[in-house]
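Listing of entry10.pdb; format and content: PDB, C-alpha atoms.
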```
ATOM      1  CA  MET A  18       0.000   0.000   0.000
ATOM      2  CA  ASN A  19       1.206   3.491  -0.866
ATOM      3  CA  VAL A  20       0.509   5.470   2.312
ATOM      4  CA  LYS A  21       0.763   8.849   0.588
ATOM      5  CA  GLU A  22      -1.738   7.927  -2.122
ATOM      6  CA  GLU A  23      -4.164   6.457   0.403
ATOM      7  CA  LEU A  24      -3.777   9.548   2.583
ATOM      8  CA  LEU A  25      -4.646  11.812  -0.355
ATOM      9  CA  LYS A  26      -7.767   9.766  -1.016
ATOM     10  CA  ALA A  27      -8.764  10.073   2.633
ATOM     11  CA  LEU A  28      -8.271  13.838   2.617
ATOM     12  CA  ALA A  29     -10.000  14.373  -0.734
ATOM     13  CA  GLY A  30     -13.323  15.228   0.915
ATOM     14  CA  GLY A  31     -11.932  18.437   2.392
ATOM     15  CA  ASP A  32     -12.961  17.753   6.004
ATOM     16  CA  PHE A  33     -10.617  17.557   8.964
ATOM     17  CA  ILE A  34      -9.668  13.987   9.937
ATOM     18  CA  SER A  35      -7.740  13.234  13.100
ATOM     19  CA  GLY A  36      -4.355  11.570  12.977
ATOM     20  CA  ALA A  37      -5.725   8.667  14.995
ATOM     21  CA  ALA A  38      -8.639   8.164  12.595
ATOM     22  CA  LEU A  39      -6.301   8.305   9.609
ATOM     23  CA  ALA A  40      -3.920   5.827  11.192
ATOM     24  CA  GLU A  41      -6.778   3.384  11.828
ATOM     25  CA  ARG A  42      -8.212   3.869   8.371
ATOM     26  CA  LEU A  43      -4.880   3.299   6.661
ATOM     27  CA  GLY A  44      -3.699   0.579   9.022
ATOM     28  CA  VAL A  45      -0.471   2.392   9.909
ATOM     29  CA  SER A  46       0.934   4.254  12.915
ATOM     30  CA  ARG A  47       0.221   7.923  13.620
ATOM     31  CA  ASN A  48       3.909   8.577  13.051
ATOM     32  CA  ALA A  49       3.600   7.047   9.585
ATOM     33  CA  VAL A  50       0.664   9.385   8.889
ATOM     34  CA  TRP A  51       2.736  12.376  10.021
ATOM     35  CA  LYS A  52       5.630  11.328   7.767
ATOM     36  CA  ALA A  53       3.268  10.922   4.815
ATOM     37  CA  VAL A  54       1.827  14.400   5.447
ATOM     38  CA  LYS A  55       5.312  15.918   5.483
ATOM     39  CA  SER A  56       6.266  14.052   2.331
ATOM     40  CA  LEU A  57       3.173  15.331   0.518
ATOM     41  CA  GLU A  58       3.894  18.862   1.671
ATOM     42  CA  SER A  59       7.417  18.592   0.257
ATOM     43  CA  GLU A  60       5.831  17.694  -3.100
ATOM     44  CA  GLY A  61       3.751  20.874  -3.111
ATOM     45  CA  TYR A  62       0.460  19.807  -1.521
ATOM     46  CA  VAL A  63      -0.973  22.225   1.034
ATOM     47  CA  ILE A  64      -2.248  20.313   4.079
ATOM     48  CA  GLU A  65      -3.746  22.138   7.049
ATOM     49  CA  SER A  66      -3.074  20.792  10.536
ATOM     50  CA  VAL A  67      -5.169  21.966  13.498
ATOM     51  CA  THR A  68      -4.844  20.692  17.064
ATOM     52  CA  ALA A  69      -7.834  18.574  18.147
ATOM     53  CA  LYS A  70      -9.158  18.529  14.571
ATOM     54  CA  GLY A  71      -6.480  16.789  12.566
ATOM     55  CA  TYR A  72      -5.545  17.219   8.926
ATOM     56  CA  ARG A  73      -7.284  18.341   5.776
ATOM     57  CA  LEU A  74      -6.292  19.186   2.231
ATOM     58  CA  ALA A  75      -6.434  22.974   1.880
ATOM     59  CA  GLU A  76      -8.605  24.526  -0.799
ATOM     60  CA  SER A  77      -5.504  26.302  -2.069
ATOM     61  CA  SER A  78      -3.859  22.935  -2.745
ATOM     62  CA  ASN A  79      -4.438  22.553  -6.457
ATOM     63  CA  ARG A  80      -1.732  20.072  -7.382
ATOM     64  CA  LEU A  81      -2.703  17.321  -9.785
ATOM     65  CA  SER A  82      -2.886  13.827  -8.354
ATOM     66  CA  GLU A  83      -4.062  10.499  -9.682
ATOM     67  CA  SER A  84      -5.744   9.746  -6.349
ATOM     68  CA  LEU A  85      -7.556  13.086  -6.227
ATOM     69  CA  ILE A  86      -8.726  12.834  -9.842
ATOM     70  CA  LEU A  87     -10.085   9.331  -9.253
ATOM     71  CA  SER A  88     -11.764  10.435  -6.016
ATOM     72  CA  HIS A  89     -13.995  12.770  -8.055
ATOM     73  CA  LEU A  90     -15.200   9.990 -10.369
ATOM     74  CA  PRO A  91     -18.419   8.263  -9.295
ATOM     75  CA  ASP A  92     -17.467   5.110 -11.177
ATOM     76  CA  ARG A  93     -13.893   3.865 -11.411
ATOM     77  CA  SER A  94     -14.705   2.147 -14.705
ATOM     78  CA  MET A  95     -14.976   5.566 -16.382
ATOM     79  CA  CYS A  96     -11.217   5.639 -16.619
ATOM     80  CA  SER A  97      -8.716   2.837 -17.220
ATOM     81  CA  SER A  98      -5.862   4.669 -15.534
ATOM     82  CA  VAL A  99      -4.567   8.155 -14.810
ATOM     83  CA  ARG A 100      -0.899   9.006 -15.155
ATOM     84  CA  VAL A 101       0.180  12.364 -13.734
ATOM     85  CA  PHE A 102       3.583  13.900 -14.513
ATOM     86  CA  ASP A 103       5.329  16.991 -13.187
ATOM     87  CA  GLU A 104       6.546  17.871 -16.683
ATOM     88  CA  LEU A 105       6.147  16.486 -20.178
ATOM     89  CA  GLY A 106       7.073  17.693 -23.611
ATOM     90  CA  SER A 107       3.467  17.074 -24.646
ATOM     91  CA  THR A 108       0.720  14.974 -23.070
ATOM     92  CA  ASN A 109      -0.405  14.010 -26.590
ATOM     93  CA  ILE A 110       3.039  12.666 -27.499
ATOM     94  CA  THR A 111       3.199  10.587 -24.319
ATOM     95  CA  ALA A 112      -0.380   9.376 -24.779
ATOM     96  CA  LYS A 113       0.345   8.304 -28.362
ATOM     97  CA  GLU A 114       3.400   6.369 -27.198
ATOM     98  CA  LEU A 115       1.292   4.625 -24.575
ATOM     99  CA  ALA A 116      -1.496   3.928 -27.076
ATOM    100  CA  SER A 117       0.960   2.451 -29.582
ATOM    101  CA  ALA A 118       2.196   0.173 -26.798
ATOM    102  CA  GLY A 119      -1.362  -1.033 -26.166
ATOM    103  CA  ALA A 120      -2.704   1.288 -23.450
ATOM    104  CA  PRO A 121      -6.466   0.695 -23.189
ATOM    105  CA  ASP A 122      -9.393   2.955 -23.948
ATOM    106  CA  GLY A 123      -9.848   5.544 -21.210
ATOM    107  CA  THR A 124      -6.184   5.977 -20.298
ATOM    108  CA  VAL A 125      -5.545   9.574 -19.177
ATOM    109  CA  VAL A 126      -2.236  11.424 -19.216
ATOM    110  CA  ALA A 127      -1.954  14.733 -17.349
ATOM    111  CA  ALA A 128       0.945  17.071 -16.602
ATOM    112  CA  GLU A 129       1.618  20.086 -14.409
ATOM    113  CA  THR A 130       3.364  21.733 -17.354
ATOM    114  CA  GLN A 131       4.330  21.044 -20.959
ATOM    115  CA  THR A 132       7.524  22.212 -22.617
ATOM    116  CA  MET A 133       6.294  21.512 -26.146
ATOM    117  CA  GLY A 134       2.534  21.982 -25.862
ATOM    118  CA  ARG A 135       0.915  21.960 -29.287
ATOM    119  CA  GLY A 136      -2.304  23.240 -30.767
ATOM    120  CA  ARG A 137      -3.871  22.766 -34.170
ATOM    121  CA  LEU A 138      -2.061  23.726 -37.387
ATOM    122  CA  GLY A 139       1.314  23.297 -35.707
ATOM    123  CA  ARG A 140       0.877  26.174 -33.285
ATOM    124  CA  SER A 141       2.450  26.124 -29.831
ATOM    125  CA  PHE A 142       0.213  26.017 -26.756
ATOM    126  CA  ALA A 143       1.362  27.947 -23.690
ATOM    127  CA  SER A 144       1.441  25.583 -20.700
ATOM    128  CA  PRO A 145       2.626  27.435 -17.575
ATOM    129  CA  PRO A 146       2.970  25.214 -14.482
ATOM    130  CA  GLY A 147       0.128  25.023 -12.006
ATOM    131  CA  SER A 148      -2.275  27.341 -13.813
ATOM    132  CA  GLY A 149      -3.778  25.054 -16.438
ATOM    133  CA  LEU A 150      -5.116  21.575 -16.959
ATOM    134  CA  TYR A 151      -3.114  19.781 -19.640
ATOM    135  CA  MET A 152      -4.460  16.322 -20.330
ATOM    136  CA  SER A 153      -4.819  13.744 -23.078
ATOM    137  CA  VAL A 154      -7.276  10.872 -23.244
ATOM    138  CA  ILE A 155      -6.768   7.691 -25.249
ATOM    139  CA  VAL A 156     -10.000   6.462 -26.835
ATOM    140  CA  ARG A 157     -10.638   3.397 -28.936
ATOM    141  CA  PRO A 158     -14.209   3.876 -30.169
ATOM    142  CA  GLU A 159     -15.822   1.506 -32.626
ATOM    143  CA  LEU A 160     -16.568   4.074 -35.305
ATOM    144  CA  GLU A 161     -16.747   4.061 -39.085
ATOM    145  CA  LEU A 162     -13.906   6.126 -40.488
ATOM    146  CA  GLN A 163     -16.230   8.821 -41.851
ATOM    147  CA  LEU A 164     -17.483   9.477 -38.325
ATOM    148  CA  CYS A 165     -14.061   9.835 -36.694
ATOM    149  CA  SER A 166     -13.753  13.484 -37.678
ATOM    150  CA  MET A 167     -16.538  14.260 -35.202
ATOM    151  CA  ILE A 168     -14.550  13.110 -32.161
ATOM    152  CA  THR A 169     -13.159  16.624 -31.702
ATOM    153  CA  ALA A 170     -16.597  18.259 -31.903
ATOM    154  CA  ALA A 171     -18.052  15.824 -29.358
ATOM    155  CA  ALA A 172     -15.055  16.451 -27.092
ATOM    156  CA  ALA A 173     -15.615  20.213 -27.383
ATOM    157  CA  VAL A 174     -19.146  19.810 -26.037
ATOM    158  CA  ALA A 175     -17.852  17.622 -23.203
ATOM    159  CA  VAL A 176     -15.197  20.151 -22.162
ATOM    160  CA  ALA A 177     -17.580  23.112 -22.449
ATOM    161  CA  GLU A 178     -20.096  21.403 -20.171
ATOM    162  CA  ALA A 179     -17.425  20.316 -17.695
ATOM    163  CA  VAL A 180     -16.118  23.880 -17.323
ATOM    164  CA  GLU A 181     -19.647  25.214 -16.946
ATOM    165  CA  ASN A 182     -20.508  22.598 -14.338
ATOM    166  CA  LEU A 183     -17.643  23.696 -12.083
ATOM    167  CA  SER A 184     -17.530  27.438 -12.800
ATOM    168  CA  GLY A 185     -21.207  28.282 -13.268
ATOM    169  CA  ALA A 186     -20.214  30.525 -16.205
ATOM    170  CA  GLU A 187     -21.422  30.184 -19.784
ATOM    171  CA  THR A 188     -19.051  28.711 -22.353
ATOM    172  CA  ARG A 189     -19.214  28.830 -26.137
ATOM    173  CA  ILE A 190     -17.561  26.778 -28.878
ATOM    174  CA  LYS A 191     -15.671  28.348 -31.766
ATOM    175  CA  TRP A 192     -15.704  25.881 -34.633
ATOM    176  CA  VAL A 193     -14.221  23.454 -34.515
ATOM    177  CA  ASN A 194     -12.337  22.899 -31.307
ATOM    178  CA  ASP A 195     -11.885  26.009 -29.138
ATOM    179  CA  ILE A 196     -13.816  26.827 -25.959
ATOM    180  CA  TYR A 197     -14.522  30.486 -25.256
ATOM    181  CA  MET A 198     -15.752  32.497 -22.299
ATOM    182  CA  ASN A 199     -16.816  36.137 -22.719
ATOM    183  CA  GLY A 200     -15.388  36.227 -26.219
ATOM    184  CA  ARG A 201     -11.904  34.946 -25.405
ATOM    185  CA  LYS A 202     -10.345  31.495 -25.593
ATOM    186  CA  ILE A 203      -9.986  29.391 -22.452
ATOM    187  CA  CYS A 204      -9.334  26.005 -24.011
ATOM    188  CA  GLY A 205      -7.993  24.315 -27.115
ATOM    189  CA  ILE A 206      -8.440  20.707 -28.208
ATOM    190  CA  LEU A 207      -6.140  18.709 -30.481
ATOM    191  CA  THR A 208      -7.247  15.246 -31.615
ATOM    192  CA  GLU A 209      -4.763  12.931 -33.288
ATOM    193  CA  ALA A 210      -5.701   9.529 -34.667
ATOM    194  CA  SER A 211      -4.024   6.317 -35.786
ATOM    195  CA  LEU A 212      -5.645   4.085 -38.374
ATOM    196  CA  GLY A 213      -5.560   0.284 -38.485
ATOM    197  CA  LEU A 214      -3.048  -1.414 -40.764
ATOM    198  CA  GLU A 215      -5.621  -2.014 -43.475
ATOM    199  CA  MET A 216      -6.895   1.561 -43.217
ATOM    200  CA  HIS A 217     -10.438   0.355 -42.676
ATOM    201  CA  SER A 218     -10.793   1.232 -39.022
ATOM    202  CA  LEU A 219      -9.640   3.562 -36.283
ATOM    203  CA  ASP A 220      -6.961   2.020 -34.098
ATOM    204  CA  TYR A 221      -7.067   4.777 -31.509
ATOM    205  CA  ALA A 222      -7.463   8.528 -31.077
ATOM    206  CA  VAL A 223      -5.780  10.803 -28.566
ATOM    207  CA  ILE A 224      -7.800  13.813 -27.438
ATOM    208  CA  GLY A 225      -5.492  16.534 -26.146
ATOM    209  CA  ILE A 226      -7.150  19.171 -23.966
ATOM    210  CA  GLY A 227      -5.587  22.325 -22.557
ATOM    211  CA  VAL A 228      -7.716  24.467 -20.239
ATOM    212  CA  ASN A 229      -6.478  27.805 -18.880
ATOM    213  CA  VAL A 230      -7.760  27.527 -15.307
ATOM    214  CA  SER A 231      -6.152  30.588 -13.697
ATOM    215  CA  GLY A 232      -3.780  33.427 -14.466
ATOM    216  CA  SER A 233      -3.638  35.916 -17.321
ATOM    217  CA  PHE A 234      -1.729  36.416 -20.561
ATOM    218  CA  GLU A 235       0.470  39.185 -21.870
ATOM    219  CA  GLY A 236       1.365  40.582 -25.268
ATOM    220  CA  GLU A 237      -0.535  39.397 -28.334
ATOM    221  CA  LEU A 238      -2.155  36.555 -26.396
ATOM    222  CA  ALA A 239      -3.885  39.001 -24.022
ATOM    223  CA  ASP A 240      -6.473  39.892 -26.682
ATOM    224  CA  ILE A 241      -7.141  36.277 -27.546
ATOM    225  CA  ALA A 242      -6.627  34.052 -24.507
ATOM    226  CA  THR A 243      -7.920  34.192 -20.966
ATOM    227  CA  SER A 244      -8.549  31.846 -18.058
ATOM    228  CA  VAL A 245     -11.658  30.587 -16.304
ATOM    229  CA  GLU A 246     -10.755  32.396 -13.098
ATOM    230  CA  ALA A 247      -9.990  35.677 -14.896
ATOM    231  CA  GLU A 248     -13.394  35.652 -16.598
ATOM    232  CA  CYS A 249     -15.735  34.530 -13.838
ATOM    233  CA  GLY A 250     -13.804  34.766 -10.570
ATOM    234  CA  VAL A 251     -13.992  31.019  -9.945
ATOM    235  CA  ARG A 252     -10.900  28.831 -10.022
ATOM    236  CA  PRO A 253     -12.043  25.250 -10.522
ATOM    237  CA  ASP A 254     -10.061  22.571  -8.739
ATOM    238  CA  ARG A 255      -7.952  21.045 -11.493
ATOM    239  CA  ASN A 256      -8.384  17.504 -10.194
ATOM    240  CA  ALA A 257     -12.154  17.914 -10.118
ATOM    241  CA  LEU A 258     -12.095  19.484 -13.596
ATOM    242  CA  CYS A 259     -10.074  16.585 -15.015
ATOM    243  CA  ALA A 260     -12.597  14.135 -13.564
ATOM    244  CA  GLU A 261     -15.530  16.202 -14.835
ATOM    245  CA  ILE A 262     -14.092  16.205 -18.359
ATOM    246  CA  ILE A 263     -13.659  12.431 -18.186
ATOM    247  CA  LYS A 264     -17.305  12.055 -17.130
ATOM    248  CA  GLU A 265     -18.570  14.312 -19.923
ATOM    249  CA  LEU A 266     -16.432  12.563 -22.536
ATOM    250  CA  ARG A 267     -17.934   9.265 -21.438
ATOM    251  CA  LYS A 268     -21.367  10.788 -21.919
ATOM    252  CA  TYR A 269     -20.864  12.323 -25.358
ATOM    253  CA  LEU A 270     -18.350  10.161 -27.245
ATOM    254  CA  PRO A 271     -20.730   7.172 -27.462
ATOM    255  CA  THR A 272     -23.335   9.432 -29.130
ATOM    256  CA  ILE A 273     -21.228  10.261 -32.197
ATOM    257  CA  GLY A 274     -22.896   7.633 -34.384
ATOM    258  CA  GLU A 275     -26.364   9.062 -33.853
ATOM    259  CA  ARG A 276     -25.072  12.665 -33.668
ATOM    260  CA  GLY A 277     -26.313  12.938 -30.087
ATOM    261  CA  PHE A 278     -23.858  15.738 -29.288
ATOM    262  CA  LEU A 279     -24.882  18.012 -32.185
ATOM    263  CA  THR A 280     -27.787  19.787 -30.484
ATOM    264  CA  GLU A 281     -25.482  21.054 -27.744
ATOM    265  CA  TYR A 282     -22.707  21.790 -30.225
ATOM    266  CA  ARG A 283     -24.993  23.924 -32.372
ATOM    267  CA  ARG A 284     -26.419  25.715 -29.354
ATOM    268  CA  ARG A 285     -22.965  26.735 -28.181
ATOM    269  CA  GLU A 286     -21.281  27.367 -31.553
ATOM    270  CA  MET A 287     -20.428  31.072 -31.859
ATOM    271  CA  LEU A 288     -19.627  31.722 -35.549
ATOM    272  CA  THR A 289     -23.065  31.041 -37.011
ATOM    273  CA  GLY A 290     -24.632  34.276 -38.267
ATOM    274  CA  SER A 291     -21.282  36.058 -38.625
ATOM    275  CA  GLU A 292     -19.224  37.022 -41.639
ATOM    276  CA  VAL A 293     -16.167  34.778 -41.562
ATOM    277  CA  THR A 294     -12.897  34.191 -43.331
ATOM    278  CA  THR A 295     -11.968  30.530 -43.603
ATOM    279  CA  THR A 296      -8.684  28.925 -44.538
ATOM    280  CA  VAL A 297      -8.735  25.427 -45.978
ATOM    281  CA  GLY A 298      -5.272  24.359 -47.038
ATOM    282  CA  ARG A 299      -4.058  27.123 -49.341
ATOM    283  CA  GLU A 300      -7.563  28.343 -50.118
ATOM    284  CA  THR A 301      -9.075  31.345 -48.360
ATOM    285  CA  LEU A 302     -12.834  31.938 -48.466
ATOM    286  CA  THR A 303     -14.954  34.787 -47.169
ATOM    287  CA  GLY A 304     -18.669  34.443 -46.566
ATOM    288  CA  LYS A 305     -21.346  34.059 -43.932
ATOM    289  CA  ALA A 306     -21.384  31.164 -41.476
ATOM    290  CA  VAL A 307     -24.943  29.840 -41.657
ATOM    291  CA  GLY A 308     -24.790  26.723 -39.520
ATOM    292  CA  ILE A 309     -23.279  23.364 -38.643
ATOM    293  CA  ASP A 310     -24.229  20.352 -40.772
ATOM    294  CA  ASP A 311     -24.879  16.820 -39.529
ATOM    295  CA  ASP A 312     -21.194  15.935 -39.807
ATOM    296  CA  ALA A 313     -20.146  18.918 -37.657
ATOM    297  CA  ASN A 314     -18.858  20.784 -40.712
ATOM    298  CA  LEU A 315     -19.143  24.574 -40.823
ATOM    299  CA  ILE A 316     -21.541  25.741 -43.547
ATOM    300  CA  VAL A 317     -20.328  28.943 -45.209
ATOM    301  CA  GLU A 318     -22.465  30.815 -47.698
ATOM    302  CA  LEU A 319     -20.304  32.580 -50.284
ATOM    303  CA  PRO A 320     -21.176  35.952 -51.905
ATOM    304  CA  ASP A 321     -22.527  34.186 -55.021
ATOM    305  CA  GLY A 322     -25.050  32.268 -52.907
ATOM    306  CA  THR A 323     -23.338  28.896 -53.062
ATOM    307  CA  GLN A 324     -22.548  27.025 -49.867
ATOM    308  CA  ARG A 325     -19.384  25.246 -48.800
ATOM    309  CA  HIS A 326     -19.350  22.609 -46.081
ATOM    310  CA  ILE A 327     -15.949  22.908 -44.433
ATOM    311  CA  GLY A 328     -14.667  19.921 -42.479
ATOM    312  CA  SER A 329     -11.211  21.133 -41.527
ATOM    313  CA  GLY A 330      -9.136  24.273 -41.450
ATOM    314  CA  GLU A 331      -9.730  27.477 -39.551
ATOM    315  CA  ALA A 332     -12.454  30.114 -39.462
ATOM    316  CA  ASN A 333     -12.553  33.532 -37.849
ATOM    317  CA  ARG A 334     -14.970  36.395 -37.817
ATOM    318  CA  THR A 335     -14.104  38.831 -40.575
ATOM    319  CA  ARG A 336     -12.763  42.065 -39.196
ATOM    320  CA  LYS A 337     -14.670  45.085 -40.414
ATOM    321  CA  LYS A 338     -12.517  47.818 -41.937
TER     322      LYS A 338
END
```
Turn the structure described in the file into C-alpha cells.
Amino acid sequence: MNVKEELLKALAGGDFISGAALAERLGVSRNAVWKAVKSLESEGYVIESVTAKGYRLAESSNRLSESLILSHLPDRSMCSSVRVFDELGSTNITAKELASAGAPDGTVVAAETQTMGRGRLGRSFASPPGSGLYMSVIVRPELELQLCSMITAAAAVAVAEAVENLSGAETRIKWVNDIYMNGRKICGILTEASLGLEMHSLDYAVIGIGVNVSGSFEGELADIATSVEAECGVRPDRNALCAEIIKELRKYLPTIGERGFLTEYRRREMLTGSEVTTTVGRETLTGKAVGIDDDANLIVELPDGTQRHIGSGEANRTRKK
C-alpha cells in the first residue's frame, strides 16, 4: 500500500480527519501518517493541521494527483488509468506512445506543465505550471472512419459542459475545437488519430485538452486568450475538472454515431450568423457562417449564394474595416 496515495484519497473530501482516525483507516501508525503528510507537503500539496481537529487538504492545494482525480469519479470504470507527470514535452506525445504500446481505452495522461505543448495547425500552446489543466485521453471507439472526424466536436461539447458545471459561467464553442468564455479562448483541443493497418478502421485517437484555469496572458495573447478564473472569478479545482471532463467525454463520445452531441454543439457554436474568413489548405474563403451540418462541418455561404461545407481548417470572424 502506498501510504501517501491512500492519505490523499482520505483527505479528498476536504474535512478535517484526526491523525488517529487516519492511522486506523490506513492501518499504519500515527507517526507514519505524520511522515506521509510531510512528504506530501514537500511535493507541493498544502495540508492544514489543526490541534484537536487533525488534517485536511487545503482549498488552495491545487496540485494534480491520480488519487484526487479518481476520487472525483463516481465510477472507477470511467477511466482505465490516470498518469500524472510533473513535466512532459506534450501529453499528446506521451499518450500516443502509450497507445501504440497497447494502453487501453480511457487511459488519461496529465501534466503540471508542458515544454512543447501543441495546438492545431502546428501552433504552440502555452502551458505554464500550475495554472492550467493539460491532459490527453486515449479512446478506442468503434466508429466508421467517416465518423471519426466528429470526435473533436463531441469532445468540445464535453469540455464546455465540464467547465460550466464547475464554474457556473457560460461557455461557447468556436468551430471546430476552441472553448470560449466572454469572447476569449480558455481552451484548445487537439485530436490525433491512428488508423488500423488495413486503413479500414480507427486504431485509436488521442484527445489533447488544454484548459487555462487561472492566471492571465500578456502581449498578443492578451487579446485572444484568458482563463476561467480571470473571466468569472472562480478557479475550478484542477483535479475535479479533469474528472468532470472524463465524465462528460464518457457521456458524449458514445453518441457520435447518432449525432447525439450536435444539439449542444450547435447551441454553443459562436460563428453562425457572422461574416467569416476561412482557410482550408491554401484556399481562403470569405462568406457568412450559416450553420453546422450533420457531420459537424461549418456551412459557409459565399457571396454568389453557393454554400461550402468545411470539415477542416480554420475560421474567424471577418474584421470590419
Exercise for the section: For the file shown, report as a ChimeraX atom specification the outcome of the PyMOL selection byres ((chain A and resi 121-134) around 8) at residue level. Expected result: /A:80-81,95-108,111-112,116,119-120,135-136,141-147,149-158
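With only C-alpha atoms taken into account, the protein and nucleic acid residues at most 8 Å from region 182-197 of chain A (excluding it and anything under 5 positions from it in its own chain) are Thr169, Ala170, Ala173, Val174, Val176, Ala177, Lys202, Ile203, Cys204, Gly205, Ile206, Leu207, Val245, Cys249, Val251, Arg252, Pro253, Leu258, Tyr282, Arg285, Glu286, Met287, Leu288, Leu315, Ser329, Glu331 and Ala332 of chain A.
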With distances taken over only C-alpha atoms, the candidate from A:Val63, A:Val223, A:Leu212, A:Leu39 nearest Glu114 (chain A) is A:Val223
For this structure, which residues satisfy the selection - the PyMOL selection byres ((chain A and resi 259) around 9) - when it is evaluated on the file as given? I want them as a list in words. Ile86, His89, Ala127, Leu150, Tyr151, Met152, Ala179, Asp254, Arg255, Asn256, Ala257, Leu258, Ala260, Glu261, Ile262, Ile263 and Lys264 of chain A
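Nearest residue to Ser82 (chain A), choosing from A:Glu300, A:Asp312, A:Glu60, A:Glu41 and counting all atoms listed in the file: A:Glu60.
With all atoms listed in the file as the basis for measurement, A:Ser218 is the residue among A:Ser117, A:Asn229, A:Asn109, A:Ser218 that approaches Leu162 (chain A) most closely.
For the pair CA of Pro271 (chain A) and CA of Thr208 (chain A), the interatomic distance is 16.3 Å.
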Separating CA of Ser88 (chain A) from CA of Val54 (chain A), to the nearest tenth of an Å, is a gap of 18.2 Å
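Minimum atom-to-atom distance to Glu22 (chain A), evaluated using only C-alpha atoms, belongs to A:Ser56 out of A:Ser244, A:Ser56, A:Asn79, A:Thr295.
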Expressed in Å, the length from CA of Ile226 (chain A) to CA of Ala210 (chain A) is 14.5 Å
message: Need to verify the contact set: Thr335 (chain A), 10 Å, all atoms listed in the file, exclusion of same-chain residues closer than 3 positions in sequence. Can you return it as a PyMOL selection string?
response: chain A and resi 291-295+303-305+332+338
For the residues selected in the previous step, produce a file with C-alpha atoms as a PDB file, in the coordinates of the input.
```
ATOM      1  CA  SER A 291     -21.282  36.058 -38.625  1.00  0.00           C
ATOM      2  CA  GLU A 292     -19.224  37.022 -41.639  1.00  0.00           C
ATOM      3  CA  VAL A 293     -16.167  34.778 -41.562  1.00  0.00           C
ATOM      4  CA  THR A 294     -12.897  34.191 -43.331  1.00  0.00           C
ATOM      5  CA  THR A 295     -11.968  30.530 -43.603  1.00  0.00           C
ATOM      6  CA  THR A 303     -14.954  34.787 -47.169  1.00  0.00           C
ATOM      7  CA  GLY A 304     -18.669  34.443 -46.566  1.00  0.00           C
ATOM      8  CA  LYS A 305     -21.346  34.059 -43.932  1.00  0.00           C
ATOM      9  CA  ALA A 332     -12.454  30.114 -39.462  1.00  0.00           C
ATOM     10  CA  LYS A 338     -12.517  47.818 -41.937  1.00  0.00           C
TER      11      LYS A 338
END
```
Counting all atoms listed in the file, the residue among A:Lys52, A:Arg325, A:Arg201, A:Arg47 that lies closest to Ser35 (chain A) is A:Arg47
- Item | Residues within 6 Å of Leu28 (chain A), all atoms listed in the file, excluding chain neighbours under 3 positions, as number ranges by chain | A: 25, 31, 73-74
